[in-house]
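Structure data follow from query-v7.cif (mmCIF, C-alpha atoms and all ligand atoms):
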```
data_final
#
loop_
_atom_site.label_atom_id
_atom_site.label_comp_id
_atom_site.auth_asym_id
_atom_site.auth_seq_id
_atom_site.Cartn_x
_atom_site.Cartn_y
_atom_site.Cartn_z
CA MET A 19 -36.48 41.48 -13.27
CA ILE A 20 -35.15 43.21 -16.36
CA THR A 21 -35.66 46.97 -16.13
CA SER A 22 -36.69 49.17 -19.03
CA ASP A 23 -33.54 51.20 -18.32
CA ALA A 24 -31.38 48.14 -18.91
CA ILE A 25 -33.17 47.42 -22.18
CA LYS A 26 -32.77 51.04 -23.25
CA ILE A 27 -29.01 51.03 -22.60
CA PHE A 28 -28.61 47.65 -24.31
CA ASP A 29 -30.55 48.93 -27.31
CA GLU A 30 -28.56 52.18 -27.60
CA LYS A 31 -25.19 50.46 -27.24
CA ILE A 32 -25.94 47.75 -29.80
CA ARG A 33 -27.42 50.24 -32.24
CA ALA A 34 -24.30 52.44 -32.06
CA ALA A 35 -21.77 49.59 -32.20
CA ASN A 36 -19.83 48.40 -35.21
CA THR A 37 -17.83 45.62 -33.61
CA ILE A 38 -19.65 43.46 -31.10
CA VAL A 39 -17.98 40.48 -29.44
CA LEU A 40 -19.87 37.78 -27.57
CA CYS A 41 -18.26 35.25 -25.24
CA ALA A 42 -18.87 33.19 -22.11
CA HIS A 43 -16.73 31.04 -19.83
CA LYS A 44 -13.80 28.95 -20.98
CA ASN A 45 -14.64 25.33 -21.94
CA PRO A 46 -18.21 26.37 -22.74
CA ASP A 47 -20.99 24.08 -21.55
CA GLY A 48 -24.47 24.01 -23.04
CA ASP A 49 -25.60 27.17 -21.28
CA ALA A 50 -22.45 29.14 -22.12
CA LEU A 51 -22.45 28.12 -25.78
CA CYS A 52 -26.20 28.52 -26.30
CA SER A 53 -26.25 31.91 -24.54
CA VAL A 54 -23.66 33.22 -26.98
CA LEU A 55 -25.31 31.71 -30.06
CA ALA A 56 -28.87 32.68 -29.04
CA LEU A 57 -27.99 36.29 -28.32
CA ALA A 58 -25.90 36.49 -31.50
CA HIS A 59 -28.88 35.34 -33.57
CA LEU A 60 -31.23 37.70 -31.71
CA ILE A 61 -28.94 40.64 -32.44
CA GLU A 62 -28.82 39.61 -36.11
CA LEU A 63 -32.60 39.30 -36.28
CA ASN A 64 -33.41 42.50 -34.44
CA TYR A 65 -30.53 44.84 -35.26
CA ALA A 66 -29.40 43.39 -38.59
CA LYS A 67 -25.84 43.28 -37.24
CA ASP A 68 -23.31 40.54 -37.44
CA VAL A 69 -21.41 39.82 -34.24
CA ILE A 70 -18.22 37.94 -33.38
CA CYS A 71 -18.76 34.83 -31.23
CA THR A 72 -15.65 33.44 -29.59
CA TYR A 73 -14.53 30.92 -26.96
CA ASP A 74 -11.50 29.38 -25.28
CA GLY A 75 -10.88 25.72 -24.42
CA ASN A 76 -13.05 22.95 -25.81
CA ILE A 77 -16.70 22.63 -26.67
CA PRO A 78 -18.11 19.16 -25.87
CA ASP A 79 -19.04 16.99 -28.87
CA ASN A 80 -22.56 16.53 -27.53
CA LEU A 81 -23.20 20.15 -28.50
CA ASP A 82 -22.32 19.52 -32.18
CA GLU A 83 -25.94 19.71 -33.28
CA VAL A 84 -26.92 23.03 -31.70
CA PRO A 85 -28.02 25.66 -34.22
CA PHE A 86 -25.26 27.99 -35.49
CA ARG A 87 -22.59 25.83 -33.78
CA LYS A 88 -20.05 26.85 -36.46
CA LYS A 89 -20.55 30.54 -35.79
CA ILE A 90 -18.48 30.46 -32.60
CA ARG A 91 -14.74 30.52 -33.23
CA PHE A 92 -11.68 29.75 -31.13
CA PHE A 93 -10.25 33.08 -29.93
CA GLU A 94 -6.86 32.53 -31.56
CA ARG A 95 -8.48 32.15 -34.97
CA ILE A 96 -10.01 35.61 -34.80
CA GLU A 97 -7.74 38.17 -36.37
CA ASP A 98 -8.15 41.71 -37.62
CA VAL A 99 -10.03 42.94 -34.60
CA GLU A 100 -8.48 46.29 -33.76
CA SER A 101 -11.20 47.72 -31.62
CA VAL A 102 -14.32 46.47 -29.91
CA ASP A 103 -17.31 48.71 -29.29
CA VAL A 104 -19.35 46.33 -27.17
CA ALA A 105 -18.36 43.06 -25.52
CA ILE A 106 -21.13 40.92 -24.09
CA VAL A 107 -19.89 38.43 -21.53
CA MET A 108 -22.32 35.73 -20.51
CA ASP A 109 -22.47 32.90 -17.97
CA TYR A 110 -18.92 33.68 -16.86
CA GLY A 111 -18.99 33.70 -13.04
CA ILE A 112 -15.66 35.37 -12.37
CA ALA A 113 -13.42 37.30 -14.77
CA ARG A 114 -10.66 34.73 -14.96
CA ASN A 115 -13.11 32.14 -16.27
CA ILE A 116 -13.28 34.03 -19.57
CA GLY A 117 -9.84 32.89 -20.73
CA GLY A 118 -8.53 33.92 -24.16
CA PRO A 119 -11.48 36.08 -25.26
CA ASP A 120 -10.59 38.42 -22.40
CA LYS A 121 -8.31 40.20 -24.89
CA PHE A 122 -11.42 41.37 -26.76
CA VAL A 123 -13.30 42.15 -23.56
CA SER A 124 -10.52 44.34 -22.18
CA MET A 125 -10.42 46.18 -25.53
CA ALA A 126 -14.12 46.98 -25.40
CA ASP A 127 -15.50 50.49 -24.94
CA PHE A 128 -18.53 49.06 -23.21
CA ILE A 129 -19.05 45.74 -21.44
CA ILE A 130 -22.42 44.12 -20.94
CA GLU A 131 -22.70 41.08 -18.71
CA ILE A 132 -25.56 38.62 -18.57
CA ASP A 133 -25.11 36.03 -15.86
CA HIS A 134 -26.76 33.86 -13.23
CA HIS A 135 -23.64 33.19 -11.17
CA ILE A 136 -23.05 34.85 -7.83
CA ASN A 137 -20.26 37.36 -8.41
CA ASP A 138 -19.17 40.33 -6.30
CA GLU A 139 -16.69 41.63 -8.85
CA LYS A 140 -18.80 42.36 -11.86
CA ILE A 141 -17.09 43.51 -15.04
CA GLY A 142 -20.10 44.90 -16.86
CA ALA A 143 -20.97 48.59 -17.15
CA LEU A 144 -24.43 47.16 -17.77
CA CYS A 145 -25.25 44.05 -15.73
CA ILE A 146 -28.28 41.98 -16.60
CA ASP A 147 -27.84 39.41 -13.88
CA ASP A 148 -30.24 37.13 -12.06
CA VAL A 149 -28.87 34.66 -9.55
CA ASN A 150 -32.28 32.98 -9.36
CA ALA A 151 -32.22 32.06 -13.04
CA ALA A 152 -31.62 28.37 -13.67
CA ALA A 153 -29.43 29.22 -16.66
CA THR A 154 -28.10 32.29 -18.42
CA VAL A 155 -30.32 31.43 -21.39
CA GLU A 156 -33.32 31.96 -19.08
CA ILE A 157 -32.20 35.59 -18.64
CA ILE A 158 -31.80 35.89 -22.41
CA TYR A 159 -35.33 34.56 -22.87
CA ASN A 160 -36.66 37.13 -20.38
CA LEU A 161 -34.67 39.90 -22.05
CA MET A 162 -35.99 38.87 -25.47
CA ILE A 163 -39.61 38.95 -24.23
CA ALA A 164 -39.19 42.16 -22.21
CA ALA A 165 -37.56 43.92 -25.15
CA GLY A 166 -40.24 42.67 -27.54
CA TRP A 167 -37.63 41.18 -29.85
CA GLN A 168 -38.46 39.08 -32.82
CA TYR A 169 -37.29 35.45 -32.43
CA ASP A 170 -37.55 32.12 -34.17
CA LEU A 171 -37.54 28.39 -33.38
CA LEU A 172 -33.74 28.23 -33.64
CA VAL A 173 -33.40 30.75 -30.80
CA LEU A 174 -35.87 28.72 -28.75
CA ARG A 175 -33.97 25.52 -29.47
CA LEU A 176 -30.77 27.14 -28.20
CA ILE A 177 -32.50 28.44 -25.08
CA MET A 178 -34.06 25.04 -24.39
CA THR A 179 -30.68 23.34 -24.82
CA GLY A 180 -29.07 25.74 -22.33
CA ILE A 181 -31.83 25.14 -19.79
CA ILE A 182 -31.71 21.36 -20.17
CA THR A 183 -27.93 21.18 -19.80
CA ASP A 184 -27.57 23.68 -16.94
CA THR A 185 -30.37 22.11 -14.91
CA GLY A 186 -28.97 18.59 -15.43
CA PHE A 187 -32.12 17.67 -17.38
CA PHE A 188 -34.29 19.66 -14.89
CA LYS A 189 -32.74 18.04 -11.81
CA TYR A 190 -31.47 21.32 -10.34
CA VAL A 191 -34.58 23.40 -11.01
CA LYS A 192 -35.40 25.56 -7.99
CA HIS A 193 -37.97 28.02 -9.36
CA GLY A 194 -41.10 27.33 -11.35
CA ASP A 195 -40.35 30.30 -13.61
CA VAL A 196 -37.96 28.31 -15.77
CA MET A 197 -40.52 25.51 -16.16
CA ARG A 198 -43.15 28.00 -17.34
CA ILE A 199 -40.67 29.19 -19.96
CA VAL A 200 -40.05 25.55 -20.93
CA ALA A 201 -43.82 25.03 -21.25
CA ASP A 202 -44.19 28.10 -23.46
CA MET A 203 -41.34 26.93 -25.67
CA VAL A 204 -42.86 23.45 -26.04
CA ASP A 205 -46.15 25.09 -27.06
CA ALA A 206 -44.23 27.22 -29.54
CA GLY A 207 -42.99 24.05 -31.24
CA VAL A 208 -39.61 23.22 -29.68
CA ASP A 209 -38.95 19.50 -30.13
CA MET A 210 -37.74 18.22 -26.73
CA GLN A 211 -37.06 14.70 -27.97
CA ARG A 212 -34.81 15.97 -30.74
CA ILE A 213 -32.83 18.23 -28.40
CA ILE A 214 -32.36 15.49 -25.80
CA ASN A 215 -31.40 12.91 -28.43
CA ASP A 216 -28.91 15.36 -29.96
CA LEU A 217 -27.28 15.80 -26.55
CA ALA A 218 -26.60 12.06 -26.35
CA ASN A 219 -23.92 12.22 -28.99
CA LYS A 220 -20.54 11.33 -27.58
CA PRO A 221 -17.68 9.67 -29.40
CA ARG A 222 -16.97 6.07 -28.36
CA LYS A 223 -13.52 6.96 -26.97
CA THR A 224 -15.12 9.46 -24.60
CA VAL A 225 -17.64 7.02 -23.15
CA VAL A 226 -15.04 4.23 -22.89
CA THR A 227 -12.46 6.50 -21.22
CA GLU A 228 -14.88 8.00 -18.74
CA ALA A 229 -16.31 4.57 -17.88
CA ALA A 230 -12.74 3.32 -17.25
CA SER A 231 -12.09 6.19 -14.84
CA VAL A 232 -15.30 5.22 -13.02
CA GLY A 233 -14.08 1.62 -12.91
CA ALA A 234 -10.91 2.79 -11.16
CA ALA A 235 -12.67 5.17 -8.76
CA GLU A 236 -11.73 5.16 -5.08
CA PHE A 237 -14.20 5.47 -2.22
CA PHE A 238 -13.62 7.37 1.01
CA PHE A 239 -15.28 8.23 4.32
CA GLY A 240 -17.30 5.04 4.65
CA ASN A 241 -18.23 5.02 0.94
CA LYS A 242 -19.78 8.47 1.20
CA LEU A 243 -17.39 9.99 -1.33
CA ALA A 244 -16.28 8.66 -4.70
CA LEU A 245 -13.19 10.06 -6.34
CA ALA A 246 -12.33 9.34 -9.96
CA ILE A 247 -9.30 10.51 -11.90
CA ILE A 248 -8.83 11.32 -15.54
CA ASP A 249 -5.12 11.61 -16.21
CA ALA A 250 -3.44 13.67 -18.91
CA THR A 251 -3.59 10.87 -21.52
CA GLN A 252 -7.25 10.14 -20.80
CA TYR A 253 -8.08 13.83 -20.73
CA LYS A 254 -7.47 14.08 -24.48
CA ARG A 255 -10.21 11.52 -25.07
CA ILE A 256 -12.92 12.96 -22.87
CA ASP A 257 -15.48 15.55 -23.54
CA GLY A 258 -15.65 18.78 -21.56
CA ARG A 259 -16.29 18.23 -17.89
CA GLY A 260 -16.49 14.44 -17.85
CA GLU A 261 -20.27 14.37 -17.52
CA THR A 262 -20.46 10.66 -18.33
CA ALA A 263 -18.16 9.77 -15.42
CA LEU A 264 -20.03 12.13 -13.10
CA GLY A 265 -23.35 10.70 -14.23
CA LEU A 266 -22.29 7.09 -13.72
CA LEU A 267 -20.88 7.77 -10.25
CA GLY A 268 -24.03 9.69 -9.41
CA GLN A 269 -26.04 6.51 -9.80
CA ILE A 270 -24.24 4.66 -6.99
CA HIS A 271 -26.45 4.01 -3.99
CA GLY A 272 -25.43 5.68 -0.74
CA LEU A 273 -22.96 8.24 -2.12
CA ASP A 274 -23.10 11.82 -0.85
CA TYR A 275 -20.20 13.32 -2.79
CA ILE A 276 -18.61 12.83 -6.18
CA VAL A 277 -15.19 14.20 -7.10
CA LEU A 278 -13.69 14.05 -10.56
CA LEU A 279 -10.09 15.19 -11.00
CA LYS A 280 -8.97 15.92 -14.52
CA GLU A 281 -5.32 16.43 -15.36
CA GLN A 282 -5.83 19.03 -18.07
CA LYS A 283 -2.07 19.73 -18.21
CA PRO A 284 0.79 18.88 -15.87
CA ASN A 285 0.09 20.99 -12.79
CA GLN A 286 -3.35 22.05 -13.94
CA ILE A 287 -6.13 20.00 -12.44
CA GLY A 288 -9.78 20.51 -13.20
CA VAL A 289 -11.88 19.58 -10.18
CA SER A 290 -15.57 18.75 -10.63
CA LEU A 291 -17.65 18.32 -7.50
CA ARG A 292 -21.17 16.98 -7.20
CA GLY A 293 -23.22 16.58 -4.05
CA ARG A 294 -26.32 14.51 -3.57
CA HIS A 295 -28.31 16.45 -0.95
CA CYS A 296 -24.94 17.75 0.32
CA PRO A 297 -23.61 21.14 -0.84
CA VAL A 298 -20.20 21.31 -2.51
CA ASP A 299 -20.00 24.98 -3.50
CA LYS A 300 -17.99 26.05 -0.42
CA ILE A 301 -15.35 23.43 -1.15
CA ALA A 302 -15.11 24.66 -4.72
CA THR A 303 -14.70 28.22 -3.42
CA ALA A 304 -11.97 27.06 -1.02
CA LEU A 305 -10.17 25.66 -4.07
CA GLY A 306 -10.43 28.98 -5.87
CA GLY A 307 -13.41 28.04 -8.03
CA GLY A 308 -17.15 28.24 -7.64
CA GLY A 309 -20.45 27.14 -9.10
CA HIS A 310 -23.77 25.97 -7.79
CA GLU A 311 -24.78 24.40 -4.49
CA PHE A 312 -24.71 20.79 -5.67
CA ALA A 313 -22.55 21.14 -8.78
CA ALA A 314 -19.37 23.15 -8.57
CA GLY A 315 -15.73 23.05 -9.60
CA ALA A 316 -12.34 24.67 -9.74
CA VAL A 317 -9.10 24.60 -11.67
CA VAL A 318 -6.10 24.17 -9.37
CA ASN A 319 -2.52 24.69 -10.46
CA ASP A 320 -0.75 21.85 -8.69
CA THR A 321 0.07 18.20 -9.22
CA LEU A 322 -2.67 15.60 -9.39
CA GLU A 323 -1.40 14.03 -6.19
CA ASN A 324 -1.39 17.31 -4.23
CA VAL A 325 -4.82 18.34 -5.48
CA LYS A 326 -6.23 14.95 -4.51
CA LYS A 327 -4.81 15.34 -1.01
CA ARG A 328 -6.16 18.86 -0.68
CA VAL A 329 -9.65 17.97 -1.90
CA LEU A 330 -9.86 14.97 0.45
CA GLU A 331 -8.68 17.14 3.36
CA LEU A 332 -11.43 19.70 2.66
CA PHE A 333 -14.03 16.94 2.53
CA ARG A 334 -12.67 15.36 5.70
CA LYS A 335 -13.46 18.62 7.55
CA GLU A 336 -16.87 18.87 5.88
CA ILE A 337 -17.90 15.29 6.61
CA LYS A 338 -16.66 14.94 10.21
MN MN B 401 -24.88 28.62 -16.68
#
```

Written as structure tokens, that's how I'd like the structure from this file.
Amino acid sequence: MITSDAIKIFDEKIRAANTIVLCAHKNPDGDALCSVLALAHLIELNYAKDVICTYDGNIPDNLDEVPFRKKIRFFERIEDVESVDVAIVMDYGIARNIGGPDKFVSMADFIIEIDHHINDEKIGALCIDDVNAAATVEIIYNLMIAAGWQYDLLVLRLIMTGIITDTGFFKYVKHGDVMRIVADMVDAGVDMQRIINDLANKPRKTVVTEAASVGAAEFFFGNKLALAIIDATQYKRIDGRGETALGLLGQIHGLDYIVLLKEQKPNQIGVSLRGRHCPVDKIATALGGGGHEFAAGAVVNDTLENVKKRVLELFRKEIK
């Protein structure tokens, strides 16, 4: 539910602002990237203002074809920003997920957050949050409609891309609301086939590397849990979260849990957890991360070996 008060504050702050910065979580996924680009385009259309879109980490190659992809810039490439009037932080979860763009956020006179993650330590002076939304782009769609903003097919394409990626191609949908939005967007002319085809756009090295990590996966607890590793050398060849590896492992009959450990740097391990019928969010939280019930993750600063031990220990308690 987006209140008229929230829309009023949003409107006043954007109208009065000269420098507006938009960002989401580090290593943006489809929802994070498309939230930033959709809202940026909506602000341009409705307020005739240019905004700064920035990110930290890597953007997966399968998002190359999203509209306005080139508008978002790596935070270190953005210079000459001395003050920020409004920062809009989207799809971020917890503050430390923002990464480099935090320097612009902490400079801002006013922070707006738009998010669907559960978060007790909100950073926004204005929070347009909805933990029931399937994706942050769903909140942006609702905001756009509630505010009566003008929009175009490019905005809808971005919103559809965010919904498709964050719901795992509709697998994680819990509320019909998002499907009604999808239906309206299809009626408005959004080409589903094009969006889904564009998302299948990975470099060969990525698919080959992720398939190799699946080939070397280990199985634990009576084949209930699969654990695959992407080491530092392989990490350079993969794409974002390792969705191909997670997707392949997710097709194995009888598995309850999937763990993917990615050695992003020495002593910095990205942990992706997936559960089939079995929740994994509490384990992600125990590792200092978070996410959704059946798809969660963390970044742990320790060696690959130690993180593997720790993750298996947490699952051992969960499974027993
Ligand atoms: Mn999201």

Could you check which residues have any atom within 9 Å of (-23.3, 26.6, -21.7), counting only C-alpha atoms with coordinates taken straight from the file, and then list them as an mmCIF file with C-alpha atoms, in the coordinates of the input?
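Saved as part_39.cif:
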```
data_model
loop_
_atom_site.group_PDB
_atom_site.id
_atom_site.type_symbol
_atom_site.label_atom_id
_atom_site.label_comp_id
_atom_site.auth_asym_id
_atom_site.auth_seq_id
_atom_site.Cartn_x
_atom_site.Cartn_y
_atom_site.Cartn_z
ATOM 1 C CA ALA A 42 -18.870 33.190 -22.110
ATOM 2 C CA HIS A 43 -16.730 31.040 -19.830
ATOM 3 C CA ASN A 45 -14.640 25.330 -21.940
ATOM 4 C CA PRO A 46 -18.210 26.370 -22.740
ATOM 5 C CA ASP A 47 -20.990 24.080 -21.550
ATOM 6 C CA GLY A 48 -24.470 24.010 -23.040
ATOM 7 C CA ASP A 49 -25.600 27.170 -21.280
ATOM 8 C CA ALA A 50 -22.450 29.140 -22.120
ATOM 9 C CA LEU A 51 -22.450 28.120 -25.780
ATOM 10 C CA CYS A 52 -26.200 28.520 -26.300
ATOM 11 C CA SER A 53 -26.250 31.910 -24.540
ATOM 12 C CA VAL A 54 -23.660 33.220 -26.980
ATOM 13 C CA ASP A 109 -22.470 32.900 -17.970
ATOM 14 C CA ALA A 153 -29.430 29.220 -16.660
ATOM 15 C CA THR A 154 -28.100 32.290 -18.420
ATOM 16 C CA VAL A 155 -30.320 31.430 -21.390
ATOM 17 C CA THR A 179 -30.680 23.340 -24.820
ATOM 18 C CA GLY A 180 -29.070 25.740 -22.330
ATOM 19 C CA ILE A 181 -31.830 25.140 -19.790
ATOM 20 C CA THR A 183 -27.930 21.180 -19.800
ATOM 21 C CA ASP A 184 -27.570 23.680 -16.940
#
```

Between A:Leu291, A:Ile132, A:Ala56, A:Val277, which residue has the minimum interatomic distance to ligand MN 401 (chain B), considering all atoms listed in the file?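 Closest to ligand MN 401 (chain B), using all atoms listed in the file: A:Ile132.
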
Test item: residues at most 8 Å from Leu55 in chain A, all atoms listed in the file, excluding those fewer than 5 positions along its chain, as a list of chain:residue names: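 Returned residues: A:Cys71, A:Pro85, A:Phe86, A:Arg87, A:Lys89, A:Ile90, A:Leu176.
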
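Of the listed residues (A:Gly117, A:Gly194, A:Gly111, A:Gly288), A:Gly111 comes nearest to ligand MN 401 (chain B); the distances count all atoms listed in the file.
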
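The residue that comes closest to ligand MN 401 (chain B), out of A:Glu97, A:Glu139, A:Asp103, A:Glu156 and on the basis of only C-alpha atoms and all ligand atoms, is A:Glu156.
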
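Counting all atoms listed in the file, the residue from A:Ala143, A:Ile20, A:Val99, A:Ile130 that sits nearest to Asn36 in chain A is A:Val99.
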
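Closest to Gln168 in chain A among A:Val107, A:Ala235, A:His59, A:Asp29 is A:His59, based on all atoms listed in the file.
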
Find, counting all atoms listed in the file, the residue in A:Met203, A:Ala304, A:Ile177, A:Ala313 that gets nearest to Val84 in chain A.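 Looking at the shortest contact to Val84 in chain A, the residue is A:Ile177.
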
Straight-line distance linking CA of Met197 in chain A with CA of Ala164 in chain A, stated in Å to one decimal: 17.8 Å

Reconstructed N, CA and C atoms for range 79-95 of chain A, given as a PDB file, in the frame of the given file:
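The resulting rebuild_9.pdb:
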```pdb
ATOM      1  N   ASP A  79     -18.461  17.517 -27.625  1.00  0.00           N
ATOM      2  CA  ASP A  79     -19.040  16.990 -28.870  1.00  0.00           C
ATOM      3  C   ASP A  79     -20.559  16.862 -28.803  1.00  0.00           C
ATOM      4  N   ASN A  80     -21.107  16.706 -27.595  1.00  0.00           N
ATOM      5  CA  ASN A  80     -22.560  16.530 -27.530  1.00  0.00           C
ATOM      6  C   ASN A  80     -23.316  17.816 -27.855  1.00  0.00           C
ATOM      7  N   LEU A  81     -22.556  18.896 -28.082  1.00  0.00           N
ATOM      8  CA  LEU A  81     -23.200  20.150 -28.500  1.00  0.00           C
ATOM      9  C   LEU A  81     -23.042  20.389 -30.005  1.00  0.00           C
ATOM     10  N   ASP A  82     -22.557  19.376 -30.732  1.00  0.00           N
ATOM     11  CA  ASP A  82     -22.320  19.520 -32.180  1.00  0.00           C
ATOM     12  C   ASP A  82     -23.562  19.954 -32.952  1.00  0.00           C
ATOM     13  N   GLU A  83     -24.722  19.505 -32.485  1.00  0.00           N
ATOM     14  CA  GLU A  83     -25.940  19.710 -33.280  1.00  0.00           C
ATOM     15  C   GLU A  83     -26.681  21.007 -32.949  1.00  0.00           C
ATOM     16  N   VAL A  84     -26.166  21.819 -32.028  1.00  0.00           N
ATOM     17  CA  VAL A  84     -26.920  23.030 -31.700  1.00  0.00           C
ATOM     18  C   VAL A  84     -26.895  23.997 -32.896  1.00  0.00           C
ATOM     19  N   PRO A  85     -27.975  24.726 -33.088  1.00  0.00           N
ATOM     20  CA  PRO A  85     -28.020  25.660 -34.220  1.00  0.00           C
ATOM     21  C   PRO A  85     -26.868  26.666 -34.173  1.00  0.00           C
ATOM     22  N   PHE A  86     -26.332  26.989 -35.320  1.00  0.00           N
ATOM     23  CA  PHE A  86     -25.260  27.990 -35.490  1.00  0.00           C
ATOM     24  C   PHE A  86     -23.960  27.593 -34.792  1.00  0.00           C
ATOM     25  N   ARG A  87     -23.783  26.292 -34.506  1.00  0.00           N
ATOM     26  CA  ARG A  87     -22.590  25.830 -33.780  1.00  0.00           C
ATOM     27  C   ARG A  87     -21.295  26.358 -34.424  1.00  0.00           C
ATOM     28  N   LYS A  88     -21.277  26.448 -35.760  1.00  0.00           N
ATOM     29  CA  LYS A  88     -20.050  26.850 -36.460  1.00  0.00           C
ATOM     30  C   LYS A  88     -19.767  28.351 -36.359  1.00  0.00           C
ATOM     31  N   LYS A  89     -20.745  29.082 -35.864  1.00  0.00           N
ATOM     32  CA  LYS A  89     -20.550  30.540 -35.790  1.00  0.00           C
ATOM     33  C   LYS A  89     -19.556  30.928 -34.696  1.00  0.00           C
ATOM     34  N   ILE A  90     -19.407  30.106 -33.690  1.00  0.00           N
ATOM     35  CA  ILE A  90     -18.480  30.460 -32.600  1.00  0.00           C
ATOM     36  C   ILE A  90     -17.089  29.972 -32.984  1.00  0.00           C
ATOM     37  N   ARG A  91     -16.091  30.856 -32.788  1.00  0.00           N
ATOM     38  CA  ARG A  91     -14.740  30.520 -33.230  1.00  0.00           C
ATOM     39  C   ARG A  91     -13.734  30.617 -32.085  1.00  0.00           C
ATOM     40  N   PHE A  92     -12.756  29.733 -32.127  1.00  0.00           N
ATOM     41  CA  PHE A  92     -11.680  29.750 -31.130  1.00  0.00           C
ATOM     42  C   PHE A  92     -10.999  31.117 -31.155  1.00  0.00           C
ATOM     43  N   PHE A  93     -10.718  31.675 -29.987  1.00  0.00           N
ATOM     44  CA  PHE A  93     -10.250  33.080 -29.930  1.00  0.00           C
ATOM     45  C   PHE A  93      -8.985  33.330 -30.741  1.00  0.00           C
ATOM     46  N   GLU A  94      -8.124  32.309 -30.831  1.00  0.00           N
ATOM     47  CA  GLU A  94      -6.860  32.530 -31.560  1.00  0.00           C
ATOM     48  C   GLU A  94      -7.072  32.597 -33.070  1.00  0.00           C
ATOM     49  N   ARG A  95      -8.215  32.121 -33.532  1.00  0.00           N
ATOM     50  CA  ARG A  95      -8.480  32.150 -34.970  1.00  0.00           C
ATOM     51  C   ARG A  95      -9.114  33.469 -35.407  1.00  0.00           C
TER      52      ARG A  95
END
```
